[in-house]
$ cat target_4.pdb   # PDB, C-alpha atoms
ATOM      1  CA  MET A   2      -1.852  12.818  -5.077
ATOM      2  CA  VAL A   3      -1.126  10.662  -8.098
ATOM      3  CA  THR A   4       2.311   9.474  -9.145
ATOM      4  CA  SER A   5       3.487   7.240 -11.950
ATOM      5  CA  SER A   6       5.295   3.953 -11.564
ATOM      6  CA  THR A   7       6.468   1.303 -13.966
ATOM      7  CA  ALA A   8       3.337  -0.714 -13.190
ATOM      8  CA  GLY A   9       0.868   2.136 -13.710
ATOM      9  CA  THR A  10      -0.379   4.939 -11.506
ATOM     10  CA  VAL A  11      -0.145   5.136  -7.722
ATOM     11  CA  GLN A  12      -2.975   7.099  -6.133
ATOM     12  CA  LEU A  13      -2.708   8.268  -2.520
ATOM     13  CA  SER A  14      -5.752   8.902  -0.365
ATOM     14  CA  PRO A  15      -6.240  12.468   0.871
ATOM     15  CA  GLN A  16      -5.250  11.471   4.415
ATOM     16  CA  VAL A  17      -2.023   9.777   3.277
ATOM     17  CA  SER A  18      -1.178  12.780   1.088
ATOM     18  CA  GLU A  19      -1.760  15.125   4.011
ATOM     19  CA  CYS A  20       0.465  13.054   6.303
ATOM     20  CA  LEU A  21       3.396  13.419   3.917
ATOM     21  CA  SER A  22       3.835  16.947   5.282
ATOM     22  CA  LEU A  23       4.169  15.533   8.829
ATOM     23  CA  ASP A  24       6.832  12.976   7.987
ATOM     24  CA  LEU A  25       8.816  13.048   4.752
ATOM     25  CA  ASP A  26      10.132   9.534   5.446
ATOM     26  CA  LEU A  27       6.574   8.361   4.843
ATOM     27  CA  PHE A  28       7.180   8.904   1.113
ATOM     28  CA  PHE A  29      10.013   6.356   1.137
ATOM     29  CA  PHE A  30       7.888   3.923   3.143
ATOM     30  CA  ILE A  31       5.038   4.271   0.633
ATOM     31  CA  ARG A  32       7.410   3.716  -2.284
ATOM     32  CA  SER A  33       8.897   0.634  -0.612
ATOM     33  CA  SER A  34       5.430  -0.710   0.280
ATOM     34  CA  VAL A  35       4.174  -0.303  -3.291
ATOM     35  CA  GLN A  36       7.263  -2.105  -4.620
ATOM     36  CA  ARG A  37       6.753  -4.954  -2.128
ATOM     37  CA  HIS A  38       3.059  -5.115  -3.038
ATOM     38  CA  GLN A  39       3.802  -5.254  -6.772
ATOM     39  CA  SER A  40       6.320  -8.057  -6.216
ATOM     40  CA  GLY A  41       3.801 -10.225  -4.335
ATOM     41  CA  ASP A  42       4.887  -9.485  -0.732
ATOM     42  CA  PHE A  43       1.591  -8.888   1.094
ATOM     43  CA  GLY A  44       3.095  -7.590   4.329
ATOM     44  CA  HIS A  45       0.967  -8.225   7.413
ATOM     45  CA  LEU A  46      -1.557 -10.556   5.787
ATOM     46  CA  PHE A  47      -1.460 -14.102   7.100
ATOM     47  CA  GLY A  48      -3.387 -17.344   6.792
ATOM     48  CA  PRO A  49      -6.409 -17.418   4.480
ATOM     49  CA  ASP A  50      -6.087 -13.708   3.621
ATOM     50  CA  SER A  51      -2.522 -14.206   2.451
ATOM     51  CA  GLN A  52      -3.452 -17.327   0.477
ATOM     52  CA  SER A  53      -6.324 -15.581  -1.298
ATOM     53  CA  CYS A  54      -4.066 -12.611  -2.140
ATOM     54  CA  ALA A  55      -1.402 -14.960  -3.494
ATOM     55  CA  LEU A  56      -3.957 -16.558  -5.796
ATOM     56  CA  ALA A  57      -5.336 -13.177  -6.857
ATOM     57  CA  TYR A  58      -1.807 -11.924  -7.530
ATOM     58  CA  GLN A  59      -0.994 -15.028  -9.572
ATOM     59  CA  PHE A  60      -4.184 -14.828 -11.638
ATOM     60  CA  SER A  61      -4.241 -11.018 -12.115
ATOM     61  CA  SER A  62      -7.235 -10.381  -9.865
ATOM     62  CA  SER A  63      -7.683  -7.630  -7.280
ATOM     63  CA  TYR A  64      -5.454  -7.998  -4.237
ATOM     64  CA  THR A  65      -4.479  -6.055  -1.119
ATOM     65  CA  SER A  66      -1.415  -5.753   1.112
ATOM     66  CA  ILE A  67      -0.926  -4.219   4.557
ATOM     67  CA  TYR A  68       2.322  -2.724   5.876
ATOM     68  CA  GLU A  69       3.078  -1.220   9.283
ATOM     69  CA  TYR A  70       5.004   2.041   9.530
ATOM     70  CA  GLU A  71       7.729   1.238  12.048
ATOM     71  CA  ARG A  72       9.656   4.510  12.303
ATOM     72  CA  GLU A  73       9.482   5.027  16.082
ATOM     73  CA  ALA A  74      10.376   8.740  15.984
ATOM     74  CA  SER A  75       7.334   9.493  13.806
ATOM     75  CA  GLN A  76       3.859  10.595  14.893
ATOM     76  CA  LEU A  77       2.656   8.000  12.408
ATOM     77  CA  TYR A  78       4.431   5.098  14.132
ATOM     78  CA  GLY A  79       2.279   1.962  14.045
ATOM     79  CA  GLN A  80      -0.070   3.189  11.307
ATOM     80  CA  LEU A  81      -1.124   0.446   8.918
ATOM     81  CA  LEU A  82      -0.871   1.265   5.237
ATOM     82  CA  LEU A  83      -3.290  -0.482   2.890
ATOM     83  CA  VAL A  84      -2.079  -0.969  -0.676
ATOM     84  CA  SER A  85      -4.644  -2.268  -3.200
ATOM     85  CA  SER A  86      -4.537  -3.139  -6.861
ATOM     86  CA  PRO A  87      -7.543  -3.919  -9.039
ATOM     87  CA  GLY A  88      -7.324  -6.785 -11.503
ATOM     88  CA  ALA A  89      -6.224  -4.557 -14.382
ATOM     89  CA  ARG A  90      -3.302  -3.288 -12.245
ATOM     90  CA  SER A  91      -3.248   0.037 -14.061
ATOM     91  CA  VAL A  92      -3.567   1.849 -10.720
ATOM     92  CA  THR A  93      -2.401   1.108  -7.180
ATOM     93  CA  LEU A  94      -4.377   2.695  -4.348
ATOM     94  CA  VAL A  95      -2.683   3.632  -1.055
ATOM     95  CA  SER A  96      -4.609   4.537   2.106
ATOM     96  CA  PHE A  97      -4.521   3.937   5.833
ATOM     97  CA  VAL A  98      -6.394   0.883   7.139
ATOM     98  CA  GLY A  99      -9.891   1.996   8.116
ATOM     99  CA  GLU A 100      -9.813   5.098   5.952
ATOM    100  CA  LEU A 101     -12.448   5.468   3.298
ATOM    101  CA  PHE A 102     -10.728   6.237   0.006
TER
END

$ encode --input "target_4.pdb" --output "structure tokens"
Amino acid sequence: MVTSSTAGTVQLSPQVSECLSLDLDLFFFIRSSVQRHQSGDFGHLFGPDSQSCALAYQFSSSYTSIYEYEREASQLYGQLLLVSSPGARSVTLVSFVGELF
């Protein structure tokens, strides 16, 4: 699934797209996560990983963020969402941590 945003295209992995049918609130979580990612909030990255992402974000290089889905009533509770942007930032990729895009 590919959607447009003000910062380019957002591309969802097949597994994330498929999970949208299980939990429609996941769409709002994805949208919020992409907005946080594009504003420089890297979610669950800490220490050296967070510092390297901050530098990459500042200097328009590739960077990644991780967000945890915390809706307890969902089958997807606790899943980690990986949001990545290449240096050009024309596309934002969204997948689950550990999933091959």

$ residues_around --input "target_4.pdb" --residues "Phe30 of chain A" --least-positions-apart "2" --cutoff "10 Å" --atoms "all atoms listed in the file" --output "count of residues only"
15

$ atom_distance --input "target_4.pdb" --atom1 "atom CA of Leu81 of chain A" --atom2 "atom CA of Phe60 of chain A"
25.8 Å

$ resolve_selection --input "target_4.pdb" --expression "the PyMOL selection byres ((chain A and resi 84) around 6)" --output "PyMOL selection string"
chain A and resi 65-66+83+85+94-95

$ residues_around --input "target_4.pdb" --residues "Ser62 of chain A" --least-positions-apart "3" --cutoff "12 Å" --atoms "all atoms listed in the file" --output "list in words"
Ser53, Cys54, Ala55, Leu56, Ala57, Tyr58, Gln59, Thr65, Ser85, Ser86, Pro87, Gly88, Ala89, Arg90 and Ser91 of chain A

$ atom_distance --input "target_4.pdb" --atom1 "atom CA of Ala74 of chain A" --atom2 "atom CA of Ser18 of chain A"
19.3 Å

$ resolve_selection --input "target_4.pdb" --expression "the PyMOL selection byres ((chain A and resi 44) around 7)" --output "list of chain:residue names"
A:Asp42, A:Phe43, A:His45, A:Leu46, A:Ser66, A:Ile67, A:Tyr68

$ closest_residue --input "target_4.pdb" --among "A:Gln39, A:Tyr78, A:Val92, A:Tyr64" --to "Ser51 of chain A" --atoms "all atoms listed in the file"
A:Tyr64

$ axis_aligned_box --input "target_4.pdb" --around "segment 68-72 of chain A" --padding-each-side "3 Å" --output "AutoDock Vina command-line options"
--center_x 6.0 --center_y 0.9 --center_z 9.1 --size_x 13.3 --size_y 13.2 --size_z 12.4

$ atom_distance --input "target_4.pdb" --atom1 "atom CA of Glu19 of chain A" --atom2 "atom CA of Ile31 of chain A"
13.2 Å

$ residues_near_point --input "target_4.pdb" --point "(-1.7, 5.9, -0.8)" --cutoff "6 Å" --atoms "only C-alpha atoms" --output "MDAnalysis selection string"
chainID A and resid 12:14 17 94:96

$ decode --input "target_4.pdb" --residues "segment 7-97 of chain A" --atoms "C-alpha atoms" --output "short mmCIF file (atom, residue, chain, number, x, y, z; two decimals), in the first residue's frame"
data_model
loop_
_atom_site.label_atom_id
_atom_site.label_comp_id
_atom_site.auth_asym_id
_atom_site.auth_seq_id
_atom_site.Cartn_x
_atom_site.Cartn_y
_atom_site.Cartn_z
CA THR A 7 3.34 16.23 2.52
CA ALA A 8 6.88 14.86 2.77
CA GLY A 9 6.57 12.36 -0.09
CA THR A 10 5.22 8.84 -0.34
CA VAL A 11 4.59 6.44 2.53
CA GLN A 12 4.99 2.79 1.56
CA LEU A 13 3.65 0.04 3.83
CA SER A 14 5.10 -3.45 3.85
CA PRO A 15 2.76 -6.27 2.81
CA GLN A 16 2.50 -7.49 6.41
CA VAL A 17 1.60 -4.04 7.76
CA SER A 18 -0.96 -3.58 4.97
CA GLU A 19 -2.50 -6.95 5.78
CA CYS A 20 -2.73 -6.12 9.49
CA LEU A 21 -4.81 -3.03 8.75
CA SER A 22 -7.77 -5.36 8.22
CA LEU A 23 -7.28 -6.78 11.75
CA ASP A 24 -7.20 -3.43 13.51
CA LEU A 25 -8.34 -0.20 11.87
CA ASP A 26 -6.77 1.82 14.70
CA LEU A 27 -3.42 0.69 13.31
CA PHE A 28 -3.91 3.20 10.47
CA PHE A 29 -4.03 6.08 12.96
CA PHE A 30 -0.98 4.71 14.78
CA ILE A 31 0.94 4.49 11.49
CA ARG A 32 -0.04 8.05 10.57
CA SER A 33 1.02 9.33 13.99
CA SER A 34 4.29 7.36 13.86
CA VAL A 35 5.17 8.74 10.42
CA GLN A 36 4.46 12.29 11.62
CA ARG A 37 6.65 11.76 14.70
CA HIS A 38 9.38 10.25 12.52
CA GLN A 39 9.29 13.17 10.08
CA SER A 40 9.53 15.65 12.96
CA GLY A 41 12.67 14.00 14.39
CA ASP A 42 11.08 11.95 17.21
CA PHE A 43 12.76 8.54 16.89
CA GLY A 44 10.51 6.70 19.34
CA HIS A 45 12.17 3.76 21.08
CA LEU A 46 15.73 4.45 19.93
CA PHE A 47 18.11 5.38 22.72
CA GLY A 48 21.80 6.01 23.28
CA PRO A 49 24.12 5.77 20.28
CA ASP A 50 21.30 4.72 17.92
CA SER A 51 19.31 7.81 18.80
CA GLN A 52 22.37 10.06 18.46
CA SER A 53 23.23 8.67 15.03
CA CYS A 54 19.61 9.11 13.88
CA ALA A 55 19.59 12.69 15.15
CA LEU A 56 22.69 13.45 13.11
CA ALA A 57 21.29 11.69 10.05
CA TYR A 58 18.02 13.59 10.42
CA GLN A 59 19.88 16.90 10.76
CA PHE A 60 22.10 16.26 7.74
CA SER A 61 19.43 14.69 5.46
CA SER A 62 20.84 11.17 5.58
CA SER A 63 18.94 7.90 5.98
CA TYR A 64 17.42 7.41 9.42
CA THR A 65 15.08 5.03 11.23
CA SER A 66 12.57 5.24 14.07
CA ILE A 67 10.83 2.55 16.13
CA TYR A 68 7.41 2.89 17.77
CA GLU A 69 5.51 0.39 19.93
CA TYR A 70 1.81 -0.21 19.32
CA GLU A 71 0.30 0.15 22.78
CA ARG A 72 -3.40 -0.47 22.18
CA GLU A 73 -3.98 -3.27 24.71
CA ALA A 74 -7.26 -4.47 23.17
CA SER A 75 -5.53 -5.22 19.86
CA GLN A 76 -4.03 -8.50 18.65
CA LEU A 77 -1.12 -6.34 17.55
CA TYR A 78 -0.39 -5.01 21.04
CA GLY A 79 3.36 -4.70 21.61
CA GLN A 80 4.32 -4.90 17.93
CA LEU A 81 7.23 -2.65 17.04
CA LEU A 82 6.78 -0.51 13.95
CA LEU A 83 9.90 0.43 12.01
CA VAL A 84 9.72 3.69 10.07
CA SER A 85 12.64 4.45 7.71
CA SER A 86 13.51 7.30 5.41
CA PRO A 87 16.32 7.32 2.87
CA GLY A 88 18.45 10.43 2.52
CA ALA A 89 16.33 11.87 -0.30
CA ARG A 90 13.22 11.59 1.94
CA SER A 91 10.94 11.19 -1.06
CA VAL A 92 9.57 7.96 0.43
CA THR A 93 9.00 6.71 3.98
CA LEU A 94 8.97 2.94 4.49
CA VAL A 95 6.85 1.35 7.24
CA SER A 96 7.26 -2.27 8.37
CA PHE A 97 7.31 -4.34 11.52
#
